[in-house]
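Undergrad: Structure in structure tokens, see below.
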Amino acid sequence: MPRVELSSGPVDYQDTGGEGPVLVFAHGMPMSGTQWRKVVPLLGGYRCVLPTLPLGGHRSPMKPDADLSQAGMARILGEFIEALGLDDVTLVLNDWGGGQFLVSQGRAQRIARLVLVACEAFDNFPPGPAKAMARVTRIPGSVWVLTRLMRLPAVRHHPGGYGGMSLRGIPDDVLDDWFAPATHSRAIRRDFAKFATGAPGRRTLLAWSERLREFDRPVLVVWATEDRLMPRDHGRRLAELYPQGRLVEIEDSSTLVPEDQPERLAEVLLEFLADTGAKPAARPGG
């Protein structure tokens, strides 16, 4: 897997390559690009780039002084896009919504479109049960305990946690992969805890959200009708907040729409890209 060295540390990534328009996919905590494993193969003609951000599922720790707060993570994502020289980017988010703060942080120059798929928004950082996890991770050694608990089926598949993020259920091998780095590395657990506790207060989050009105480029908001973590009303509010926002609701899905409804998600994503001038590259012999 290729790697780029950023000011905060190394970031591994996947890159399908090609001459098509660039789509950058971010992920949740402590996930990785495998969150999009069902969707990317449906996007022929596009260059899909999937960084493994330091949200706890990354393999190489960041520098000890790295800023892994919500704003810091947005800046890491922006620096990653700059380091790869990517322009006219369609940024796709699911679960983690902090990538929107590229706008608030003044780092959205290379972003041509946003696709917000059932993600954190407004003051919902972190959402629901993750708020309790954030409080717990302030306790030394708590992330180590959490990784051990996640080995238990009753914990990892509990509807109040990761079990509630997908109506279909997240496969055990995928969950194992997501939690393996923090299970085996103290430095990764340090990064995990820094991010989990790095959300600012409600007033700051809402102030940052107001600045999202400055993003005057196309925005697709895709919301899941059976999501327990991301309030359904947030989808409508986000689509109204962005000057060029549009909302599509997907039924029979929870937060991880790429897991529950990958075909439908790819369909609405491709339609949005075509409508906003990001048509796929012609295939050889086509």
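How things are named: the first chain in the structure tokens is A, the next is B, and so on; residues count from 1 in each chain; ligands count from 1 in the order shown.
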Please identify every residue of segment 56-121 of chain A that has at least one atom no farther than 10 Å from an atom of segment 155-178 of chain A, counting only C-alpha atoms, and for each give the shortest atom pair and the distance in Å to one decimal, arranged by chain then increasing number, as a Markdown table.

TA:
```
| residue | atom | partner | partner_atom | distance |
| --- | --- | --- | --- | --- |
| A:Gly56 | CA | A:Trp178 | CA | 7.8 |
| A:Gly57 | CA | A:Trp178 | CA | 5.0 |
| A:His58 | CA | A:Trp178 | CA | 8.3 |
| A:Arg59 | CA | A:Trp178 | CA | 9.8 |
| A:Asp95 | CA | A:Met165 | CA | 9.0 |
```

Undergrad: Which neighbours of segment 5-14 of chain A fall inside 8 Å, counting only C-alpha atoms, when residues of the same chain fewer than 6 positions from it are skipped, and could you give them as a PyMOL selection string?

TA: chain A and resi 33+48-54+58+60-63+65-67+76+79-80+83

Undergrad: Neighbouring residues of Leu55 of chain A were defined as those with any atom within 12 Å, considering only C-alpha atoms; residues of the same chain fewer than 4 positions away were excluded. Please report them as a PDB file with N, CA, C and O atoms, in the first residue's frame.

TA:
```
ATOM      1  N   VAL A  11       0.600   8.585   6.222  1.00  0.00           N
ATOM      2  CA  VAL A  11      -0.769   8.172   5.907  1.00  0.00           C
ATOM      3  C   VAL A  11      -0.711   7.189   4.742  1.00  0.00           C
ATOM      4  O   VAL A  11      -0.214   7.518   3.659  1.00  0.00           O
ATOM      5  N   ALA A  26     -13.299   9.243   2.605  1.00  0.00           N
ATOM      6  CA  ALA A  26     -12.888   9.175   4.001  1.00  0.00           C
ATOM      7  C   ALA A  26     -13.746   8.127   4.717  1.00  0.00           C
ATOM      8  O   ALA A  26     -14.707   7.602   4.168  1.00  0.00           O
ATOM      9  N   HIS A  27     -13.389   7.836   5.956  1.00  0.00           N
ATOM     10  CA  HIS A  27     -14.013   6.725   6.677  1.00  0.00           C
ATOM     11  C   HIS A  27     -14.267   7.109   8.123  1.00  0.00           C
ATOM     12  O   HIS A  27     -13.923   8.214   8.573  1.00  0.00           O
ATOM     13  N   GLY A  28     -14.855   6.186   8.888  1.00  0.00           N
ATOM     14  CA  GLY A  28     -15.177   6.435  10.282  1.00  0.00           C
ATOM     15  C   GLY A  28     -14.131   5.893  11.232  1.00  0.00           C
ATOM     16  O   GLY A  28     -13.064   5.433  10.842  1.00  0.00           O
ATOM     17  N   MET A  29     -14.449   5.935  12.516  1.00  0.00           N
ATOM     18  CA  MET A  29     -13.557   5.494  13.578  1.00  0.00           C
ATOM     19  C   MET A  29     -13.967   4.103  14.051  1.00  0.00           C
ATOM     20  O   MET A  29     -15.139   3.872  14.347  1.00  0.00           O
ATOM     21  N   PRO A  30     -13.012   3.165  14.130  1.00  0.00           N
ATOM     22  CA  PRO A  30     -11.610   3.182  13.724  1.00  0.00           C
ATOM     23  C   PRO A  30     -11.448   2.448  12.399  1.00  0.00           C
ATOM     24  O   PRO A  30     -10.709   1.466  12.298  1.00  0.00           O
ATOM     25  N   MET A  31     -12.166   2.877  11.396  1.00  0.00           N
ATOM     26  CA  MET A  31     -12.305   2.115  10.158  1.00  0.00           C
ATOM     27  C   MET A  31     -11.158   2.392   9.193  1.00  0.00           C
ATOM     28  O   MET A  31     -10.122   2.928   9.552  1.00  0.00           O
ATOM     29  N   SER A  32     -11.360   2.017   7.933  1.00  0.00           N
ATOM     30  CA  SER A  32     -10.361   2.209   6.888  1.00  0.00           C
ATOM     31  C   SER A  32     -11.082   2.206   5.544  1.00  0.00           C
ATOM     32  O   SER A  32     -12.318   2.216   5.496  1.00  0.00           O
ATOM     33  N   GLY A  33     -10.311   2.151   4.470  1.00  0.00           N
ATOM     34  CA  GLY A  33     -10.909   2.134   3.148  1.00  0.00           C
ATOM     35  C   GLY A  33     -11.795   0.935   2.880  1.00  0.00           C
ATOM     36  O   GLY A  33     -12.616   0.965   1.948  1.00  0.00           O
ATOM     37  N   PRO A  51      -7.589   7.246   1.627  1.00  0.00           N
ATOM     38  CA  PRO A  51      -6.592   7.337   2.694  1.00  0.00           C
ATOM     39  C   PRO A  51      -7.074   6.617   3.952  1.00  0.00           C
ATOM     40  O   PRO A  51      -8.271   6.582   4.242  1.00  0.00           O
ATOM     41  N   ARG A  59      -2.264   1.825  10.498  1.00  0.00           N
ATOM     42  CA  ARG A  59      -1.204   0.875  10.851  1.00  0.00           C
ATOM     43  C   ARG A  59       0.038   1.533  11.429  1.00  0.00           C
ATOM     44  O   ARG A  59       0.758   0.914  12.220  1.00  0.00           O
ATOM     45  N   SER A  60       0.327   2.758  11.027  1.00  0.00           N
ATOM     46  CA  SER A  60       1.539   3.441  11.483  1.00  0.00           C
ATOM     47  C   SER A  60       1.141   4.646  12.328  1.00  0.00           C
ATOM     48  O   SER A  60       0.339   5.477  11.884  1.00  0.00           O
ATOM     49  N   PRO A  61       1.665   4.771  13.553  1.00  0.00           N
ATOM     50  CA  PRO A  61       1.261   5.870  14.424  1.00  0.00           C
ATOM     51  C   PRO A  61       1.712   7.217  13.892  1.00  0.00           C
ATOM     52  O   PRO A  61       2.692   7.333  13.162  1.00  0.00           O
ATOM     53  N   MET A  62       1.006   8.237  14.323  1.00  0.00           N
ATOM     54  CA  MET A  62       1.364   9.599  13.965  1.00  0.00           C
ATOM     55  C   MET A  62       2.413  10.112  14.944  1.00  0.00           C
ATOM     56  O   MET A  62       2.725   9.456  15.956  1.00  0.00           O
ATOM     57  N   ASP A  67      -1.799  16.887  15.896  1.00  0.00           N
ATOM     58  CA  ASP A  67      -3.123  17.387  16.263  1.00  0.00           C
ATOM     59  C   ASP A  67      -4.165  16.470  15.630  1.00  0.00           C
ATOM     60  O   ASP A  67      -4.396  16.503  14.419  1.00  0.00           O
ATOM     61  N   LEU A  68      -4.807  15.651  16.459  1.00  0.00           N
ATOM     62  CA  LEU A  68      -5.803  14.697  15.966  1.00  0.00           C
ATOM     63  C   LEU A  68      -7.202  15.072  16.441  1.00  0.00           C
ATOM     64  O   LEU A  68      -8.085  14.217  16.544  1.00  0.00           O
ATOM     65  N   SER A  69      -7.405  16.337  16.697  1.00  0.00           N
ATOM     66  CA  SER A  69      -8.738  16.844  16.993  1.00  0.00           C
ATOM     67  C   SER A  69      -9.567  16.837  15.701  1.00  0.00           C
ATOM     68  O   SER A  69      -9.056  16.519  14.624  1.00  0.00           O
ATOM     69  N   GLN A  70     -10.822  17.212  15.791  1.00  0.00           N
ATOM     70  CA  GLN A  70     -11.649  17.266  14.586  1.00  0.00           C
ATOM     71  C   GLN A  70     -11.065  18.233  13.562  1.00  0.00           C
ATOM     72  O   GLN A  70     -10.944  17.899  12.374  1.00  0.00           O
ATOM     73  N   GLY A  72      -7.943  19.277  13.462  1.00  0.00           N
ATOM     74  CA  GLY A  72      -6.656  18.734  13.051  1.00  0.00           C
ATOM     75  C   GLY A  72      -6.796  17.634  12.029  1.00  0.00           C
ATOM     76  O   GLY A  72      -6.007  17.552  11.074  1.00  0.00           O
ATOM     77  N   MET A  73      -7.797  16.776  12.195  1.00  0.00           N
ATOM     78  CA  MET A  73      -8.004  15.688  11.239  1.00  0.00           C
ATOM     79  C   MET A  73      -8.430  16.235   9.880  1.00  0.00           C
ATOM     80  O   MET A  73      -8.024  15.713   8.834  1.00  0.00           O
ATOM     81  N   ALA A  74      -9.248  17.269   9.885  1.00  0.00           N
ATOM     82  CA  ALA A  74      -9.630  17.898   8.621  1.00  0.00           C
ATOM     83  C   ALA A  74      -8.398  18.459   7.914  1.00  0.00           C
ATOM     84  O   ALA A  74      -8.245  18.324   6.696  1.00  0.00           O
ATOM     85  N   ILE A  76      -5.343  17.345   8.239  1.00  0.00           N
ATOM     86  CA  ILE A  76      -4.577  16.194   7.739  1.00  0.00           C
ATOM     87  C   ILE A  76      -5.147  15.729   6.408  1.00  0.00           C
ATOM     88  O   ILE A  76      -4.409  15.441   5.455  1.00  0.00           O
ATOM     89  N   LEU A  77      -6.471  15.651   6.324  1.00  0.00           N
ATOM     90  CA  LEU A  77      -7.104  15.257   5.064  1.00  0.00           C
ATOM     91  C   LEU A  77      -6.773  16.249   3.959  1.00  0.00           C
ATOM     92  O   LEU A  77      -6.447  15.862   2.830  1.00  0.00           O
ATOM     93  N   ASP A  95     -20.116   8.404   8.005  1.00  0.00           N
ATOM     94  CA  ASP A  95     -19.912   8.264   9.438  1.00  0.00           C
ATOM     95  C   ASP A  95     -19.135   9.475   9.978  1.00  0.00           C
ATOM     96  O   ASP A  95     -19.721  10.349  10.607  1.00  0.00           O
ATOM     97  N   TRP A  96     -17.823   9.541   9.778  1.00  0.00           N
ATOM     98  CA  TRP A  96     -17.076  10.719  10.203  1.00  0.00           C
ATOM     99  C   TRP A  96     -17.455  11.906   9.320  1.00  0.00           C
ATOM    100  O   TRP A  96     -17.374  11.843   8.097  1.00  0.00           O
ATOM    101  N   GLY A  98     -16.171  15.128   9.921  1.00  0.00           N
ATOM    102  CA  GLY A  98     -15.234  16.219  10.102  1.00  0.00           C
ATOM    103  C   GLY A  98     -14.559  16.709   8.844  1.00  0.00           C
ATOM    104  O   GLY A  98     -13.983  17.802   8.843  1.00  0.00           O
ATOM    105  N   TRP A 178     -10.349  -3.639  11.423  1.00  0.00           N
ATOM    106  CA  TRP A 178     -10.462  -2.266  11.914  1.00  0.00           C
ATOM    107  C   TRP A 178      -9.849  -2.100  13.304  1.00  0.00           C
ATOM    108  O   TRP A 178      -9.243  -1.075  13.600  1.00  0.00           O
ATOM    109  N   PHE A 179     -10.014  -3.089  14.161  1.00  0.00           N
ATOM    110  CA  PHE A 179      -9.539  -2.971  15.535  1.00  0.00           C
ATOM    111  C   PHE A 179      -8.145  -3.538  15.763  1.00  0.00           C
ATOM    112  O   PHE A 179      -7.566  -3.326  16.833  1.00  0.00           O
ATOM    113  N   PRO A 181      -5.069  -2.715  14.624  1.00  0.00           N
ATOM    114  CA  PRO A 181      -3.956  -1.803  14.934  1.00  0.00           C
ATOM    115  C   PRO A 181      -3.964  -1.331  16.383  1.00  0.00           C
ATOM    116  O   PRO A 181      -2.927  -1.332  17.045  1.00  0.00           O
ATOM    117  N   ALA A 182      -5.132  -0.924  16.887  1.00  0.00           N
ATOM    118  CA  ALA A 182      -5.199  -0.449  18.273  1.00  0.00           C
ATOM    119  C   ALA A 182      -5.023  -1.591  19.267  1.00  0.00           C
ATOM    120  O   ALA A 182      -4.575  -1.377  20.388  1.00  0.00           O
ATOM    121  N   ILE A 188      -0.859   3.516  18.535  1.00  0.00           N
ATOM    122  CA  ILE A 188      -2.137   3.638  17.823  1.00  0.00           C
ATOM    123  C   ILE A 188      -3.259   3.909  18.820  1.00  0.00           C
ATOM    124  O   ILE A 188      -4.166   4.715  18.562  1.00  0.00           O
ATOM    125  N   ARG A 189      -3.205   3.255  19.975  1.00  0.00           N
ATOM    126  CA  ARG A 189      -4.224   3.510  21.000  1.00  0.00           C
ATOM    127  C   ARG A 189      -4.160   4.966  21.465  1.00  0.00           C
ATOM    128  O   ARG A 189      -5.192   5.588  21.739  1.00  0.00           O
ATOM    129  N   ARG A 190      -2.951   5.505  21.550  1.00  0.00           N
ATOM    130  CA  ARG A 190      -2.799   6.924  21.890  1.00  0.00           C
ATOM    131  C   ARG A 190      -3.490   7.805  20.855  1.00  0.00           C
ATOM    132  O   ARG A 190      -4.250   8.728  21.204  1.00  0.00           O
ATOM    133  N   ASP A 191      -3.259   7.509  19.577  1.00  0.00           N
ATOM    134  CA  ASP A 191      -3.897   8.280  18.505  1.00  0.00           C
ATOM    135  C   ASP A 191      -5.418   8.137  18.562  1.00  0.00           C
ATOM    136  O   ASP A 191      -6.162   9.115  18.377  1.00  0.00           O
ATOM    137  N   PHE A 192      -5.877   6.903  18.772  1.00  0.00           N
ATOM    138  CA  PHE A 192      -7.310   6.617  18.876  1.00  0.00           C
ATOM    139  C   PHE A 192      -7.939   7.510  19.947  1.00  0.00           C
ATOM    140  O   PHE A 192      -8.967   8.169  19.718  1.00  0.00           O
ATOM    141  N   ALA A 193      -7.323   7.537  21.123  1.00  0.00           N
ATOM    142  CA  ALA A 193      -7.872   8.313  22.234  1.00  0.00           C
ATOM    143  C   ALA A 193      -7.836   9.811  21.942  1.00  0.00           C
ATOM    144  O   ALA A 193      -8.764  10.548  22.295  1.00  0.00           O
ATOM    145  N   LYS A 194      -6.765  10.289  21.291  1.00  0.00           N
ATOM    146  CA  LYS A 194      -6.666  11.711  20.975  1.00  0.00           C
ATOM    147  C   LYS A 194      -7.799  12.134  20.049  1.00  0.00           C
ATOM    148  O   LYS A 194      -8.407  13.195  20.242  1.00  0.00           O
ATOM    149  N   PHE A 195      -8.087  11.310  19.050  1.00  0.00           N
ATOM    150  CA  PHE A 195      -9.178  11.673  18.148  1.00  0.00           C
ATOM    151  C   PHE A 195     -10.535  11.550  18.834  1.00  0.00           C
ATOM    152  O   PHE A 195     -11.389  12.433  18.712  1.00  0.00           O
ATOM    153  N   ALA A 196     -10.734  10.457  19.579  1.00  0.00           N
ATOM    154  CA  ALA A 196     -12.027  10.217  20.219  1.00  0.00           C
ATOM    155  C   ALA A 196     -12.411  11.330  21.186  1.00  0.00           C
ATOM    156  O   ALA A 196     -13.599  11.590  21.397  1.00  0.00           O
ATOM    157  N   THR A 197     -11.418  11.989  21.756  1.00  0.00           N
ATOM    158  CA  THR A 197     -11.681  13.057  22.724  1.00  0.00           C
ATOM    159  C   THR A 197     -11.455  14.443  22.125  1.00  0.00           C
ATOM    160  O   THR A 197     -11.415  15.430  22.857  1.00  0.00           O
ATOM    161  N   GLY A 198     -11.332  14.523  20.795  1.00  0.00           N
ATOM    162  CA  GLY A 198     -10.909  15.763  20.156  1.00  0.00           C
ATOM    163  C   GLY A 198     -12.000  16.636  19.586  1.00  0.00           C
ATOM    164  O   GLY A 198     -11.707  17.566  18.833  1.00  0.00           O
TER     165      GLY A 198
END
```

Undergrad: Going by DSSP on the backbone, which residues of segment 83-113 of chain A come out as strand (DSSP E or B)? List them as an MDAnalysis selection string.

TA: chainID A and resid 89:95 111:113

Undergrad: Store the residues picked out above, limited to N, CA, C and O atoms, as a PDB file, in the first residue's frame.

TA:
```pdb
ATOM      1  N   VAL A  89     -11.462  17.694  -6.778  1.00  0.00           N
ATOM      2  CA  VAL A  89     -11.757  16.483  -6.017  1.00  0.00           C
ATOM      3  C   VAL A  89     -13.224  16.439  -5.601  1.00  0.00           C
ATOM      4  O   VAL A  89     -13.800  17.448  -5.186  1.00  0.00           O
ATOM      5  N   THR A  90     -13.805  15.259  -5.699  1.00  0.00           N
ATOM      6  CA  THR A  90     -15.097  14.985  -5.071  1.00  0.00           C
ATOM      7  C   THR A  90     -14.799  14.260  -3.767  1.00  0.00           C
ATOM      8  O   THR A  90     -14.279  13.142  -3.774  1.00  0.00           O
ATOM      9  N   LEU A  91     -15.086  14.916  -2.650  1.00  0.00           N
ATOM     10  CA  LEU A  91     -14.807  14.348  -1.333  1.00  0.00           C
ATOM     11  C   LEU A  91     -16.052  13.643  -0.828  1.00  0.00           C
ATOM     12  O   LEU A  91     -17.123  14.253  -0.730  1.00  0.00           O
ATOM     13  N   VAL A  92     -15.897  12.357  -0.489  1.00  0.00           N
ATOM     14  CA  VAL A  92     -17.025  11.533  -0.058  1.00  0.00           C
ATOM     15  C   VAL A  92     -16.812  11.122   1.399  1.00  0.00           C
ATOM     16  O   VAL A  92     -15.800  10.507   1.732  1.00  0.00           O
ATOM     17  N   LEU A  93     -17.777  11.449   2.253  1.00  0.00           N
ATOM     18  CA  LEU A  93     -17.701  11.139   3.676  1.00  0.00           C
ATOM     19  C   LEU A  93     -18.827  10.206   4.078  1.00  0.00           C
ATOM     20  O   LEU A  93     -19.931  10.293   3.540  1.00  0.00           O
ATOM     21  N   ASN A  94     -18.552   9.335   5.025  1.00  0.00           N
ATOM     22  CA  ASN A  94     -19.582   8.507   5.657  1.00  0.00           C
ATOM     23  C   ASN A  94     -19.186   8.258   7.102  1.00  0.00           C
ATOM     24  O   ASN A  94     -18.031   7.945   7.378  1.00  0.00           O
ATOM     25  N   ASP A  95     -20.116   8.404   8.005  1.00  0.00           N
ATOM     26  CA  ASP A  95     -19.912   8.264   9.438  1.00  0.00           C
ATOM     27  C   ASP A  95     -19.135   9.475   9.978  1.00  0.00           C
ATOM     28  O   ASP A  95     -19.721  10.349  10.607  1.00  0.00           O
ATOM     29  N   ILE A 111     -11.407  21.126  -3.422  1.00  0.00           N
ATOM     30  CA  ILE A 111     -12.636  20.334  -3.370  1.00  0.00           C
ATOM     31  C   ILE A 111     -13.665  20.934  -4.323  1.00  0.00           C
ATOM     32  O   ILE A 111     -14.087  22.085  -4.156  1.00  0.00           O
ATOM     33  N   ALA A 112     -14.071  20.161  -5.313  1.00  0.00           N
ATOM     34  CA  ALA A 112     -15.059  20.624  -6.287  1.00  0.00           C
ATOM     35  C   ALA A 112     -16.479  20.222  -5.903  1.00  0.00           C
ATOM     36  O   ALA A 112     -17.445  20.886  -6.299  1.00  0.00           O
ATOM     37  N   ARG A 113     -16.608  19.132  -5.160  1.00  0.00           N
ATOM     38  CA  ARG A 113     -17.923  18.615  -4.758  1.00  0.00           C
ATOM     39  C   ARG A 113     -17.792  17.913  -3.422  1.00  0.00           C
ATOM     40  O   ARG A 113     -16.740  17.355  -3.119  1.00  0.00           O
TER      41      ARG A 113
END
```

Undergrad: Gly201 of chain A: which residues within 9 Å, counting only C-alpha atoms, same-chain residues fewer than 3 positions away excluded, as a list in words?

TA: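 Counting only C-alpha atoms, the residues come to Asp123, Phe125, Thr204, Leu205 and Leu206 of chain A.
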
Undergrad: Go ahead and save the picked residues with N, CA, C and O atoms, as a CSV table (one decimal), in the first residue's frame.

TA:
```csv
chain,number,residue,atom,x,y,z
A,123,ASP,N,-24.0,19.6,15.8
A,123,ASP,CA,-23.4,19.4,17.1
A,123,ASP,C,-23.3,17.9,17.4
A,123,ASP,O,-23.1,17.5,18.6
A,125,PHE,N,-21.2,15.5,17.2
A,125,PHE,CA,-19.8,15.0,17.2
A,125,PHE,C,-19.4,14.7,18.6
A,125,PHE,O,-19.2,15.7,19.4
A,204,THR,N,-18.8,25.8,19.5
A,204,THR,CA,-17.8,25.8,18.4
A,204,THR,C,-18.3,25.0,17.2
A,204,THR,O,-18.1,25.5,16.0
A,205,LEU,N,-18.8,23.9,17.4
A,205,LEU,CA,-19.3,23.0,16.3
A,205,LEU,C,-20.4,23.7,15.5
A,205,LEU,O,-20.3,23.7,14.3
A,206,LEU,N,-21.3,24.4,16.1
A,206,LEU,CA,-22.3,25.1,15.4
A,206,LEU,C,-21.8,26.3,14.7
A,206,LEU,O,-22.2,26.6,13.6
```

Undergrad: Hey, what's within 8 Å of Arg211 of chain A if we count only C-alpha atoms and toss same-chain stuff fewer than 3 positions away? As a PyMOL selection string, please?

TA: chain A and resi 103-104+207-208+214

Undergrad: Write the residues of the preceding selection, restricted to C-alpha atoms, as a compact mmCIF listing (two decimals), in the first residue's frame.

TA:
```txt
# COMPACT_ATOMS: atom_id res chain seq x y z
CA VAL A 103 -14.40 24.53 4.51
CA SER A 104 -14.33 26.01 8.02
CA ALA A 207 -20.14 28.08 14.54
CA TRP A 208 -18.06 25.89 12.23
CA GLU A 214 -19.47 29.49 2.20
```
